[in-house]
file model-v1.cif (mmCIF, C-alpha atoms)
data_query
#
loop_
_atom_site.label_atom_id
_atom_site.label_comp_id
_atom_site.auth_asym_id
_atom_site.auth_seq_id
_atom_site.Cartn_x
_atom_site.Cartn_y
_atom_site.Cartn_z
CA MET A 1135 32.80 10.43 -47.20
CA LYS A 1136 32.74 8.54 -50.48
CA THR A 1137 29.51 7.91 -52.34
CA PRO A 1138 28.28 4.33 -51.70
CA SER A 1139 27.49 2.06 -54.61
CA LEU A 1140 24.08 2.95 -55.99
CA THR A 1141 21.82 1.41 -58.58
CA ASN A 1142 21.29 3.41 -61.78
CA ARG A 1143 17.84 4.37 -60.54
CA GLN A 1144 19.16 5.55 -57.18
CA ARG A 1145 21.88 7.55 -58.94
CA MET A 1146 19.24 9.22 -61.10
CA PHE A 1147 17.15 9.97 -58.03
CA MET A 1148 20.20 11.50 -56.39
CA ARG A 1149 20.92 13.69 -59.42
CA CYS A 1150 17.45 15.19 -59.55
CA ALA A 1151 16.71 15.13 -55.82
CA PRO A 1152 15.16 18.44 -54.75
CA PHE A 1153 17.56 20.39 -52.54
CA ASN A 1154 14.63 21.08 -50.24
CA ASP A 1155 13.75 17.82 -48.41
CA GLU A 1156 10.12 18.91 -48.11
CA ARG A 1157 9.79 18.57 -51.88
CA ILE A 1158 10.77 14.89 -51.93
CA ASP A 1159 7.49 13.05 -52.38
CA ASP A 1160 8.85 9.76 -53.73
CA ARG A 1161 9.79 6.92 -51.38
CA GLY A 1162 12.53 5.62 -53.73
CA MET A 1163 14.05 9.07 -53.93
CA ARG A 1164 13.85 9.51 -50.16
CA SER A 1165 15.72 6.25 -49.61
CA ALA A 1166 18.37 7.18 -52.22
CA VAL A 1167 18.87 10.55 -50.54
CA PHE A 1168 19.11 8.86 -47.14
CA ARG A 1169 21.91 6.63 -48.44
CA VAL A 1170 23.99 9.49 -49.82
CA ARG A 1171 23.12 12.24 -47.39
CA LYS A 1172 26.54 12.21 -45.74
CA CYS A 1173 28.60 11.88 -48.94
CA ASP A 1174 30.77 14.75 -50.14
CA GLU A 1175 29.51 14.50 -53.71
CA PHE A 1176 25.89 14.89 -52.63
CA ALA A 1177 26.75 17.63 -50.13
CA HIS A 1178 28.46 19.62 -52.91
CA GLN A 1179 25.50 19.04 -55.22
CA ARG A 1180 23.08 20.36 -52.61
CA SER A 1181 25.19 23.42 -51.79
CA PHE A 1182 25.43 24.13 -55.50
CA ASP A 1183 21.66 23.77 -56.02
CA ARG A 1184 20.85 25.92 -52.99
CA ALA A 1185 23.19 28.63 -54.22
CA VAL A 1186 21.43 28.61 -57.62
CA ALA A 1187 18.01 28.73 -55.92
CA GLU A 1188 19.16 31.66 -53.78
CA LEU A 1189 20.20 33.47 -56.93
CA VAL A 1190 16.81 32.71 -58.51
CA LYS A 1191 15.10 34.22 -55.46
CA THR A 1192 16.99 37.47 -55.95
CA THR A 1193 15.53 37.86 -59.46
CA PRO A 1194 13.75 41.23 -59.44
CA ILE A 1195 10.03 40.78 -59.98
CA PRO A 1196 8.27 43.56 -61.88
CA PRO A 1197 5.56 45.36 -59.87
CA GLU A 1198 2.93 44.23 -62.40
CA VAL A 1199 3.65 40.65 -61.35
CA THR A 1200 3.82 41.20 -57.59
CA GLU A 1201 0.46 42.88 -57.81
CA TRP A 1202 -1.05 39.71 -59.28
CA GLU A 1203 0.78 37.44 -56.87
CA SER A 1204 -0.67 39.21 -53.88
CA LYS A 1205 -4.12 38.56 -55.23
CA GLN A 1206 -3.88 34.84 -55.77
CA THR A 1207 -1.47 31.94 -55.70
CA LEU A 1208 -0.27 30.59 -59.00
CA ILE A 1209 -0.50 26.95 -58.01
CA ALA A 1210 -3.82 25.71 -56.72
CA PRO A 1211 -3.60 23.85 -53.40
CA GLN A 1212 -3.51 20.11 -53.80
CA LYS A 1213 -6.95 18.53 -53.62
CA TRP A 1214 -7.58 15.33 -51.74
CA THR A 1215 -9.14 12.87 -54.13
CA TRP A 1216 -10.88 9.68 -52.99
CA LYS A 1217 -8.18 7.63 -54.74
CA LYS A 1218 -5.38 9.48 -52.97
CA THR A 1219 -7.20 9.27 -49.63
CA ALA A 1220 -7.72 5.54 -50.08
CA GLN A 1221 -3.99 5.05 -50.73
CA ASN A 1222 -2.95 6.92 -47.60
CA PRO A 1223 -1.22 4.39 -45.27
CA VAL A 1224 -3.05 5.80 -42.24
CA ILE A 1225 -6.42 5.36 -43.95
CA VAL A 1226 -5.41 1.85 -45.10
CA ALA A 1227 -4.40 0.93 -41.51
CA ILE A 1228 -7.67 2.28 -40.11
CA GLY A 1229 -9.57 0.42 -42.84
CA ILE A 1230 -7.87 -2.87 -41.95
CA ALA A 1231 -8.53 -2.34 -38.23
CA VAL A 1232 -12.21 -1.57 -38.86
CA GLY A 1233 -12.40 -4.62 -41.14
CA VAL A 1234 -10.96 -6.89 -38.44
CA ILE A 1235 -13.33 -5.49 -35.80
CA ALA A 1236 -16.28 -5.91 -38.16
CA GLY A 1237 -15.13 -9.47 -38.94
CA ILE A 1238 -14.97 -10.37 -35.24
CA PHE A 1239 -18.38 -8.76 -34.67
CA VAL A 1240 -19.94 -10.71 -37.57
CA PHE A 1241 -18.25 -13.92 -36.34
CA HIS A 1242 -19.75 -13.43 -32.85
CA LEU A 1243 -23.11 -12.56 -34.33
CA VAL A 1244 -23.16 -15.69 -36.50
CA GLU A 1245 -21.88 -17.80 -33.61
CA HIS A 1246 -24.63 -16.60 -31.29
CA MET A 1247 -27.39 -16.42 -33.88
CA GLY A 1248 -28.70 -19.87 -32.87
CA ASP A 1249 -28.56 -19.09 -29.14
CA PHE A 1250 -31.75 -19.43 -27.16
CA PRO A 1251 -32.75 -18.91 -23.52
CA GLY A 1252 -31.84 -21.99 -21.49
CA GLU A 1253 -29.14 -23.13 -23.90
CA GLU A 1254 -26.64 -23.57 -21.08
CA THR A 1255 -29.06 -25.74 -19.10
CA ALA A 1256 -29.76 -27.79 -22.22
CA ARG A 1257 -26.02 -28.33 -22.73
CA LYS A 1258 -25.58 -29.44 -19.10
CA LEU A 1259 -28.47 -31.88 -19.49
CA LEU A 1260 -26.89 -33.25 -22.67
CA SER A 1261 -23.90 -34.22 -20.57
CA VAL A 1262 -26.31 -35.81 -18.06
CA ALA A 1263 -27.97 -37.80 -20.88
CA ARG A 1264 -24.55 -38.87 -22.13
CA SER A 1265 -23.54 -40.24 -18.73
CA THR A 1266 -26.85 -41.74 -17.56
CA LYS A 1267 -26.73 -45.55 -17.31
CA PRO A 1268 -29.84 -47.64 -18.23
CA ALA A 1269 -30.04 -48.93 -14.65
CA GLN A 1270 -30.74 -45.40 -13.41
CA PHE A 1271 -34.13 -45.37 -15.17
CA GLU A 1272 -37.32 -46.82 -13.77
CA ALA A 1273 -38.78 -49.20 -16.31
CA LEU A 1274 -41.57 -47.57 -18.31
CA LYS A 1275 -42.99 -49.19 -21.43
CA THR A 1276 -45.51 -46.90 -23.11
CA ASP A 1277 -45.81 -44.36 -25.90
CA ALA A 1278 -43.76 -41.21 -25.28
CA GLY A 1279 -46.87 -39.12 -25.83
CA ALA A 1280 -48.36 -40.60 -22.62
CA VAL A 1281 -45.53 -39.71 -20.25
CA GLY A 1282 -46.82 -36.15 -19.81
CA ASP A 1283 -49.82 -37.48 -17.88
CA LEU A 1284 -47.58 -39.74 -15.81
CA PHE A 1285 -45.31 -36.83 -14.85
CA PHE A 1286 -48.32 -34.73 -13.90
CA MET A 1287 -50.04 -37.45 -11.92
CA LYS A 1288 -47.01 -38.88 -10.18
CA HIS A 1289 -44.71 -35.88 -9.81
CA ARG A 1290 -47.08 -32.91 -10.26
CA LEU A 1291 -45.08 -31.66 -13.20
CA GLU A 1292 -47.39 -29.56 -15.33
CA HIS A 1293 -46.87 -29.25 -19.11
CA TYR A 1294 -44.04 -31.81 -19.14
CA ASP A 1295 -45.41 -33.11 -22.46
CA VAL A 1296 -43.58 -34.76 -25.35
CA PRO A 1297 -44.24 -32.88 -28.64
CA PRO A 1298 -46.08 -34.68 -31.46
CA GLU A 1299 -42.84 -35.17 -33.46
CA PHE A 1300 -41.59 -37.61 -30.81
CA ALA A 1301 -44.89 -38.77 -29.25
CA ASP A 1302 -45.06 -42.11 -31.11
CA PHE A 1303 -41.77 -43.49 -29.85
CA ARG A 1304 -41.80 -46.37 -27.37
CA THR A 1305 -40.23 -45.62 -24.02
CA ILE A 1306 -37.90 -47.91 -22.05
CA GLY A 1307 -37.63 -46.04 -18.79
CA SER A 1308 -37.93 -42.67 -17.08
CA ARG A 1309 -36.80 -40.78 -14.01
CA VAL A 1310 -37.27 -37.38 -12.40
CA PHE A 1311 -34.48 -35.57 -10.61
CA ASP A 1312 -33.41 -32.10 -9.46
CA ASP A 1313 -30.59 -30.40 -11.35
CA ASP A 1314 -27.80 -28.22 -9.81
CA GLU A 1315 -30.17 -25.28 -9.53
CA GLY A 1316 -33.00 -27.28 -7.98
CA HIS A 1317 -35.15 -27.43 -11.11
CA ARG A 1318 -37.20 -30.55 -11.66
CA VAL A 1319 -35.99 -32.45 -14.71
CA ALA A 1320 -37.77 -35.38 -16.30
CA GLN A 1321 -35.68 -37.81 -18.33
CA VAL A 1322 -37.10 -40.49 -20.63
CA ALA A 1323 -35.21 -43.21 -22.49
CA VAL A 1324 -36.76 -44.45 -25.76
CA VAL A 1325 -36.13 -47.44 -28.00
CA GLU A 1326 -35.52 -45.37 -31.13
CA LYS A 1327 -31.74 -45.12 -31.62
CA HIS A 1328 -31.14 -44.96 -27.84
CA MET A 1329 -32.60 -41.49 -27.85
CA GLN A 1330 -33.42 -39.67 -24.61
CA PHE A 1331 -35.94 -36.95 -23.88
CA LEU A 1332 -35.33 -34.32 -21.23
CA LEU A 1333 -37.98 -31.94 -19.99
CA PHE A 1334 -37.04 -29.01 -17.83
CA PRO A 1335 -38.38 -25.56 -16.85
CA ALA A 1336 -37.69 -22.80 -19.38
CA GLU A 1337 -35.25 -20.07 -18.31
CA LYS A 1338 -37.02 -17.29 -16.46
CA ASP A 1339 -36.54 -13.57 -16.71
CA ALA A 1340 -34.49 -12.48 -13.68
CA LYS A 1341 -36.69 -9.44 -12.96
CA SER A 1342 -40.20 -10.54 -13.79
CA GLY A 1343 -39.83 -14.31 -13.24
CA VAL A 1344 -41.75 -14.89 -16.47
CA PRO A 1345 -40.46 -17.78 -18.63
CA ARG A 1346 -38.44 -16.58 -21.63
CA HIS A 1347 -40.14 -17.97 -24.70
CA PHE A 1348 -38.55 -18.87 -28.03
CA SER A 1349 -40.08 -20.30 -31.14
CA GLY A 1350 -39.22 -23.39 -33.19
CA TRP A 1351 -36.59 -26.03 -32.66
CA ARG A 1352 -33.04 -25.08 -31.59
CA TYR A 1353 -30.00 -27.30 -31.76
CA VAL A 1354 -27.40 -27.68 -29.06
CA ASP A 1355 -24.43 -30.03 -28.96
CA PHE A 1356 -21.97 -31.37 -26.44
CA GLU A 1357 -19.18 -33.90 -26.98
CA ASN A 1358 -20.63 -35.87 -29.87
CA TRP A 1359 -24.19 -35.61 -28.54
CA THR A 1360 -26.77 -33.38 -30.10
CA GLY A 1361 -30.05 -32.15 -28.72
CA VAL A 1362 -32.97 -30.37 -30.31
CA VAL A 1363 -34.97 -28.12 -28.00
CA GLN A 1364 -38.45 -26.63 -28.10
CA GLU A 1365 -40.19 -24.44 -25.53
CA HIS A 1366 -43.90 -24.73 -24.85
CA ASN A 1367 -45.94 -23.43 -21.89
CA GLY A 1368 -42.80 -22.55 -19.92
CA VAL A 1369 -41.27 -26.02 -20.25
CA CYS A 1370 -38.44 -27.01 -22.56
CA PHE A 1371 -38.42 -30.37 -24.28
CA MET A 1372 -35.11 -31.73 -25.57
CA ALA A 1373 -34.62 -34.84 -27.67
CA ALA A 1374 -31.01 -35.93 -27.31
CA MET A 1375 -28.95 -38.58 -29.10
CA ARG A 1376 -25.42 -39.46 -30.01
CA GLY A 1377 -24.64 -37.93 -33.41
CA GLY A 1378 -25.08 -34.64 -35.20
CA GLU A 1379 -27.85 -32.32 -36.36
CA LYS A 1380 -28.32 -34.37 -39.51
CA ASP A 1381 -29.34 -37.37 -37.37
CA LEU A 1382 -32.07 -35.42 -35.56
CA ALA A 1383 -33.31 -33.30 -38.45
CA PRO A 1384 -35.41 -36.07 -40.12
CA TYR A 1385 -37.54 -36.43 -36.97
CA LEU A 1386 -38.47 -32.75 -37.06
CA LYS A 1387 -39.51 -32.87 -40.70
CA LYS A 1388 -41.73 -35.87 -40.12
CA LYS A 1389 -44.69 -33.92 -38.67
CA ASP A 1390 -44.33 -30.71 -40.77
CA MET B 5 12.71 30.25 -69.54
CA LEU B 6 13.05 33.20 -71.92
CA GLY B 7 15.95 35.27 -70.62
CA ASP B 8 13.92 38.29 -71.62
CA GLU B 9 11.97 40.22 -68.98
CA ALA B 10 9.68 42.04 -71.39
CA LYS B 11 8.62 38.85 -73.16
CA ALA B 12 8.15 37.06 -69.84
CA LEU B 13 5.93 39.85 -68.55
CA GLU B 14 3.89 39.80 -71.74
CA ILE B 15 3.30 36.06 -71.36
CA PHE B 16 2.53 36.40 -67.66
CA GLN B 17 -0.14 39.00 -68.36
CA ALA B 18 -1.62 36.91 -71.16
CA ILE B 19 -1.89 33.92 -68.83
CA MET B 20 -3.48 35.92 -66.05
CA HIS B 21 -5.93 37.41 -68.53
CA GLU B 22 -6.83 33.92 -69.70
CA ALA B 23 -7.18 32.76 -66.09
CA ALA B 24 -9.48 35.67 -65.27
CA LEU B 25 -11.67 34.91 -68.30
CA ARG B 26 -11.89 31.24 -67.41
CA ALA B 27 -12.69 32.02 -63.79
CA ALA B 28 -15.45 34.40 -64.85
CA ALA B 29 -16.93 31.71 -67.11
CA GLY B 30 -16.56 29.09 -64.36
CA GLU B 31 -14.31 27.02 -66.60
CA MET B 32 -11.20 26.65 -64.50
CA PRO B 33 -9.33 23.47 -65.52
CA LYS B 34 -9.21 20.61 -63.04
CA ASP B 35 -5.41 20.35 -63.47
CA ARG B 36 -3.99 22.31 -60.52
CA LEU B 37 -0.75 22.94 -62.44
CA TRP B 38 -2.45 24.24 -65.55
CA LEU B 39 -1.15 27.78 -65.05
CA LEU B 40 2.48 26.60 -65.09
CA ARG B 41 1.80 24.20 -67.96
CA ASP B 42 0.26 27.01 -69.97
CA ALA B 43 3.15 29.31 -69.10
CA ARG B 44 5.64 26.71 -70.27
CA PHE B 45 3.95 26.23 -73.64
CA ARG B 46 3.63 29.94 -74.21
CA CYS B 47 7.32 30.40 -73.38
CA LEU B 48 8.29 27.61 -75.77
CA GLU B 49 6.13 29.16 -78.48
CA ALA B 50 7.65 32.59 -77.92
CA SER B 51 11.23 31.32 -77.90
CA GLU B 52 10.68 29.33 -81.11
CA ALA B 53 9.62 32.56 -82.81
CA GLY B 54 12.73 34.43 -81.71
CA LEU B 55 16.45 33.86 -82.09
CA GLN B 56 17.47 30.24 -81.56
CA ALA B 57 20.48 29.33 -79.46
CA GLU B 58 23.10 27.53 -81.46
CA GLU B 59 23.31 23.86 -80.56
CA ILE B 60 26.76 23.18 -79.28
CA GLU B 61 28.34 20.38 -77.31
CA MET B 62 28.60 21.74 -73.78
CA GLU B 63 31.58 20.99 -71.64
CA GLU B 64 30.85 19.33 -68.28
CA HIS B 65 32.83 19.72 -65.06
CA GLU B 66 32.51 17.91 -61.75
CA ILE B 67 30.63 19.98 -59.15
CA ASP B 68 33.18 22.10 -57.37
CA PRO B 69 32.93 22.72 -53.59
CA ASN B 70 33.72 26.28 -54.60
CA GLY B 71 30.63 26.39 -56.88
CA PRO B 72 28.38 28.31 -54.46
CA ALA B 73 31.01 31.04 -54.15
CA GLN B 74 31.16 31.30 -57.93
CA ILE B 75 27.36 31.46 -58.16
CA ALA B 76 27.22 34.20 -55.55
CA LYS B 77 29.12 36.42 -57.96
CA LEU B 78 26.45 36.10 -60.65
CA GLU B 79 23.61 38.45 -61.45
CA PRO B 80 20.17 36.77 -61.69
CA ILE B 81 19.91 37.81 -65.34
CA GLN B 82 23.08 35.89 -66.16
CA LEU B 83 21.56 32.72 -64.73
CA ALA B 84 18.29 33.42 -66.58
CA ILE B 85 20.11 33.81 -69.88
CA TRP B 86 22.16 30.66 -69.29
CA ILE B 87 19.05 28.59 -68.53
CA SER B 88 17.07 30.06 -71.41
CA ALA B 89 19.86 29.01 -73.79
CA ALA B 90 19.59 25.36 -72.76
CA PRO B 91 17.80 23.07 -75.22
CA GLU B 92 14.33 21.77 -74.48
CA PRO B 93 13.34 19.92 -72.36
CA GLN B 94 16.45 20.64 -70.29
CA ARG B 95 15.55 24.31 -70.10
CA THR B 96 12.12 23.60 -68.60
CA ALA B 97 13.59 21.03 -66.22
CA LEU B 98 16.24 23.43 -64.90
CA ALA B 99 13.89 26.42 -64.69
CA LEU B 100 11.24 24.50 -62.71
CA PHE B 101 13.77 22.61 -60.58
CA TYR B 102 15.48 25.76 -59.31
CA LEU B 103 12.16 27.53 -58.80
CA ASP B 104 11.86 25.43 -55.60
CA GLU B 105 8.07 25.46 -55.72
CA LEU B 106 7.34 21.96 -56.98
CA ASP B 107 7.85 18.49 -55.60
CA HIS B 108 9.39 15.70 -57.63
CA GLY B 109 6.08 14.28 -58.86
CA GLU B 110 4.88 17.70 -60.01
CA LEU B 111 8.17 18.28 -61.82
CA LEU B 112 7.73 15.01 -63.72
CA ALA B 113 4.14 15.89 -64.57
CA LEU B 114 5.01 19.35 -65.85
CA THR B 115 8.10 18.39 -67.83
CA GLU B 116 6.44 15.19 -69.10
CA LEU B 117 9.65 13.33 -68.32
CA LYS B 118 10.53 10.15 -66.44
CA THR B 119 12.79 10.22 -63.38
CA VAL B 120 15.72 8.80 -65.37
CA GLU B 121 15.37 11.49 -68.04
CA LEU B 122 14.89 14.26 -65.50
CA GLY B 123 17.90 13.04 -63.48
CA LYS B 124 20.10 13.07 -66.57
CA LEU B 125 18.96 16.52 -67.71
CA ILE B 126 19.38 18.10 -64.26
CA GLY B 127 22.69 16.34 -63.59
CA ASP B 128 24.13 17.24 -66.98
CA GLY B 129 22.83 20.81 -66.68
CA ARG B 130 24.47 21.18 -63.28
CA GLN B 131 27.85 20.04 -64.62
CA GLU B 132 27.54 22.20 -67.75
CA PHE B 133 26.73 25.18 -65.56
CA GLN B 134 29.75 24.36 -63.40
CA ALA B 135 31.91 24.27 -66.54
CA TRP B 136 30.52 27.65 -67.58
CA LEU B 137 31.17 29.02 -64.06
CA ASN B 138 34.73 27.71 -64.23
CA SER B 139 35.28 29.45 -67.52
CA THR B 140 33.61 32.68 -66.31
CA PHE B 141 35.30 32.73 -62.92
CA PRO B 142 38.54 30.77 -63.23
CA HIS B 143 39.82 29.34 -59.94
CA SER B 144 42.59 31.90 -59.66
CA GLU B 145 39.87 34.57 -59.37
CA THR B 146 37.83 32.85 -56.63
#
call {"tool": "encode", "arguments": {"input": "model-v1.cif", "output": "structure tokens"}}
result
Amino acid sequence: MKTPSLTNRQRMFMRCAPFNDERIDDRGMRSAVFRVRKCDEFAHQRSFDRAVAELVKTTPIPPEVTEWESKQTLIAPQKWTWKKTAQNPVIVAIGIAVGVIAGIFVFHLVEHMGDFPGEETARKLLSVARSTKPAQFEALKTDAGAVGDLFFMKHRLEHYDVPPEFADFRTIGSRVFDDDEGHRVAQVAVVEKHMQFLLFPAEKDAKSGVPRHFSGWRYVDFENWTGVVQEHNGVCFMAAMRGGEKDLAPYLKKKD
Amino acid sequence: MLGDEAKALEIFQAIMHEAALRAAAGEMPKDRLWLLRDARFRCLEASEAGLQAEEIEMEEHEIDPNGPAQIAKLEPIQLAIWISAAPEPQRTALALFYLDELDHGELLALTELKTVELGKLIGDGRQEFQAWLNSTFPHSET
């Protein structure tokens, strides 16, 4: 077989390619050898080199030298350096895989960092607020801070109080209903930017039945509506309105 | 490298002595090929002090499929003398290449050559050796 056309570099690789394939440590050389491995010219070169190496091996070694050789090797074994380890394709592949897994983990962590007990219920109630028509409310014109007493007196709902941040708003109407899971939910419509308040029982621990507390205000959103939720005495209060977090945030700062 | 067993042995013992001293002092070099590097320089030093091969234009022949048969007729000392007569750095390149103990990267490091230079030296050396084989064992004899 004739030698295929090679670049100057490939030809040079071919000329100095070790006749022992195990000694080829260069990818370019390996590919050049692969291209010419079936060519007569290369086959002759290899037979020639192997014959010379065989002759070299028959060189008589003086006993003084063999004595030394049996004691220690003349070439120290190759050491694995950090740089070499880092360049190993297997290590690189493992590194990338670990990086991707870590990335996904961090993404999930960040995504769920704002989660709070009862978030799912709050999201469902946001969709209720979004779809509630004004006619569904019973007319109620008072300060929002006073509805807690009304809910207690009329519906026996304890601790269904509006927090101070939203207590000054004038109400338009209210209603009380049971959600899918049979929890009593109080809903209040206020004048301020068509905002609605929803009060519902905090999520309870499945084993102990104790309400799962969380501190501060937590945001939740659903289809262009945003709610801000706070838990107090086992009851969650959510102020909900059309818009984003930036629309609700000023109300929370007001009483700080 | 030297084509002279006595000189080679002398250098070998000197290197091993040096290695033993360094090991005892805990000063072994970090370069894992230092022993071969040291051996090469000592051989070059020793050969510079002795008789110098005359620089002549060597004839080059294409590698012959019959080459291995021609080589089989040689004595190791003949090959050693032929290689030791090659000019530097071709001599080092050929000696280390046919030692079959080093990979390509190590060969480049020890000879301080680039692949292109090493390829030319080895390739030319191979064809010069073939020419010498052809003149030593003409085809009619093989």
call {"tool": "interface_residues", "arguments": {"input": "model-v1.cif", "of": "chain B", "to": "chain A", "cutoff": "8 Å", "atoms": "all atoms listed in the file", "output": "PyMOL selection string"}}
result
chain B and resi 13+16+36-37+39-40+67-69+71-72+75-76+78-81+83+101-104+106-109+119-120+122-124+126-127
call {"tool": "write_last_selection", "arguments": {"input": "model-v1.cif", "atoms": "C-alpha atoms", "output": "compact mmCIF listing (two decimals), in the frame of the given file"}}
result
# COMPACT_ATOMS: atom_id res chain seq x y z
CA LEU B 13 5.93 39.85 -68.55
CA PHE B 16 2.53 36.40 -67.66
CA ARG B 36 -3.99 22.31 -60.52
CA LEU B 37 -0.75 22.94 -62.44
CA LEU B 39 -1.15 27.78 -65.05
CA LEU B 40 2.48 26.60 -65.09
CA ILE B 67 30.63 19.98 -59.15
CA ASP B 68 33.18 22.10 -57.37
CA PRO B 69 32.93 22.72 -53.59
CA GLY B 71 30.63 26.39 -56.88
CA PRO B 72 28.38 28.31 -54.46
CA ILE B 75 27.36 31.46 -58.16
CA ALA B 76 27.22 34.20 -55.55
CA LEU B 78 26.45 36.10 -60.65
CA GLU B 79 23.61 38.45 -61.45
CA PRO B 80 20.17 36.77 -61.69
CA ILE B 81 19.91 37.81 -65.34
CA LEU B 83 21.56 32.72 -64.73
CA PHE B 101 13.77 22.61 -60.58
CA TYR B 102 15.48 25.76 -59.31
CA LEU B 103 12.16 27.53 -58.80
CA ASP B 104 11.86 25.43 -55.60
CA LEU B 106 7.34 21.96 -56.98
CA ASP B 107 7.85 18.49 -55.60
CA HIS B 108 9.39 15.70 -57.63
CA GLY B 109 6.08 14.28 -58.86
CA THR B 119 12.79 10.22 -63.38
CA VAL B 120 15.72 8.80 -65.37
CA LEU B 122 14.89 14.26 -65.50
CA GLY B 123 17.90 13.04 -63.48
CA LYS B 124 20.10 13.07 -66.57
CA ILE B 126 19.38 18.10 -64.26
CA GLY B 127 22.69 16.34 -63.59
call {"tool": "resolve_selection", "arguments": {"input": "model-v1.cif", "expression": "the PyMOL selection byres ((chain A and resi 1308) around 7)", "output": "ChimeraX atom specification"}}
result
/A:1271-1274,1307,1309,1321-1323
call {"tool": "closest_residue", "arguments": {"input": "model-v1.cif", "among": "A:Thr1276, A:Thr1219, A:Val1244, A:Phe1300", "to": "Pro1384 (chain A)", "atoms": "only C-alpha atoms"}}
result
A:Phe1300
call {"tool": "atom_distance", "arguments": {"input": "model-v1.cif", "atom1": "CA of Leu1382 (chain A)", "atom2": "CA of Gly1252 (chain A)"}}
result
19.5 Å
call {"tool": "atom_distance", "arguments": {"input": "model-v1.cif", "atom1": "CA of Trp136 (chain B)", "atom2": "CA of Ala97 (chain B)"}}
result
18.2 Å
call {"tool": "resolve_selection", "arguments": {"input": "model-v1.cif", "expression": "the PyMOL selection byres ((chain A and resi 1253-1262) around 7)", "output": "ChimeraX atom specification"}}
result
/A:1249-1252,1263-1266,1354-1356,1359,1361,1374
call {"tool": "closest_residue", "arguments": {"input": "model-v1.cif", "among": "A:Glu1292, A:Glu1357, A:Asp1302, A:Glu1315", "to": "Ala1280 (chain A)", "atoms": "all atoms listed in the file"}}
result
A:Asp1302
call {"tool": "closest_residue", "arguments": {"input": "model-v1.cif", "among": "A:Val1296, A:Leu1243, A:Ala1301, A:Val1310", "to": "Gln1364 (chain A)", "atoms": "all atoms listed in the file"}}
result
A:Val1296
call {"tool": "resolve_selection", "arguments": {"input": "model-v1.cif", "expression": "the PyMOL selection byres ((chain A and resi 1346) around 12)", "output": "PyMOL selection string"}}
result
chain A and resi 1250-1253+1335-1345+1347-1349+1364-1370
call {"tool": "write_last_selection", "arguments": {"input": "model-v1.cif", "atoms": "C-alpha atoms", "output": "mmCIF file, in the coordinates of the input"}}
result
data_model
loop_
_atom_site.group_PDB
_atom_site.id
_atom_site.type_symbol
_atom_site.label_atom_id
_atom_site.label_comp_id
_atom_site.auth_asym_id
_atom_site.auth_seq_id
_atom_site.Cartn_x
_atom_site.Cartn_y
_atom_site.Cartn_z
ATOM 1 C CA PHE A 1250 -31.750 -19.430 -27.160
ATOM 2 C CA PRO A 1251 -32.750 -18.910 -23.520
ATOM 3 C CA GLY A 1252 -31.840 -21.990 -21.490
ATOM 4 C CA GLU A 1253 -29.140 -23.130 -23.900
ATOM 5 C CA PRO A 1335 -38.380 -25.560 -16.850
ATOM 6 C CA ALA A 1336 -37.690 -22.800 -19.380
ATOM 7 C CA GLU A 1337 -35.250 -20.070 -18.310
ATOM 8 C CA LYS A 1338 -37.020 -17.290 -16.460
ATOM 9 C CA ASP A 1339 -36.540 -13.570 -16.710
ATOM 10 C CA ALA A 1340 -34.490 -12.480 -13.680
ATOM 11 C CA LYS A 1341 -36.690 -9.440 -12.960
ATOM 12 C CA SER A 1342 -40.200 -10.540 -13.790
ATOM 13 C CA GLY A 1343 -39.830 -14.310 -13.240
ATOM 14 C CA VAL A 1344 -41.750 -14.890 -16.470
ATOM 15 C CA PRO A 1345 -40.460 -17.780 -18.630
ATOM 16 C CA HIS A 1347 -40.140 -17.970 -24.700
ATOM 17 C CA PHE A 1348 -38.550 -18.870 -28.030
ATOM 18 C CA SER A 1349 -40.080 -20.300 -31.140
ATOM 19 C CA GLN A 1364 -38.450 -26.630 -28.100
ATOM 20 C CA GLU A 1365 -40.190 -24.440 -25.530
ATOM 21 C CA HIS A 1366 -43.900 -24.730 -24.850
ATOM 22 C CA ASN A 1367 -45.940 -23.430 -21.890
ATOM 23 C CA GLY A 1368 -42.800 -22.550 -19.920
ATOM 24 C CA VAL A 1369 -41.270 -26.020 -20.250
ATOM 25 C CA CYS A 1370 -38.440 -27.010 -22.560
#
call {"tool": "residues_around", "arguments": {"input": "model-v1.cif", "residues": "Glu49 (chain B)", "least_positions_apart": "6", "cutoff": "12 Å", "atoms": "all atoms listed in the file", "output": "list in words"}}
result
Met5, Leu6, Lys11, Ala12, Ile15, Asp42, Ala43, Leu55, Gln56 and Glu92 of chain B
call {"tool": "atom_distance", "arguments": {"input": "model-v1.cif", "atom1": "CA of Leu1333 (chain A)", "atom2": "CA of Tyr1294 (chain A)"}}
result
6.1 Å
call {"tool": "closest_residue", "arguments": {"input": "model-v1.cif", "among": "A:Arg1171, A:Arg1304, A:Arg1164, A:His1317", "to": "Phe1331 (chain A)", "atoms": "all atoms listed in the file"}}
result
A:Arg1304
call {"tool": "closest_residue", "arguments": {"input": "model-v1.cif", "among": "B:Leu25, B:Leu48, B:Ala84, B:Ala113", "to": "Glu9 (chain B)", "atoms": "all atoms listed in the file"}}
result
B:Ala84
call {"tool": "closest_residue", "arguments": {"input": "model-v1.cif", "among": "B:Pro142, B:Pro93, B:Pro33, B:Gly7", "to": "Leu112 (chain B)", "atoms": "all atoms listed in the file"}}
result
B:Pro93
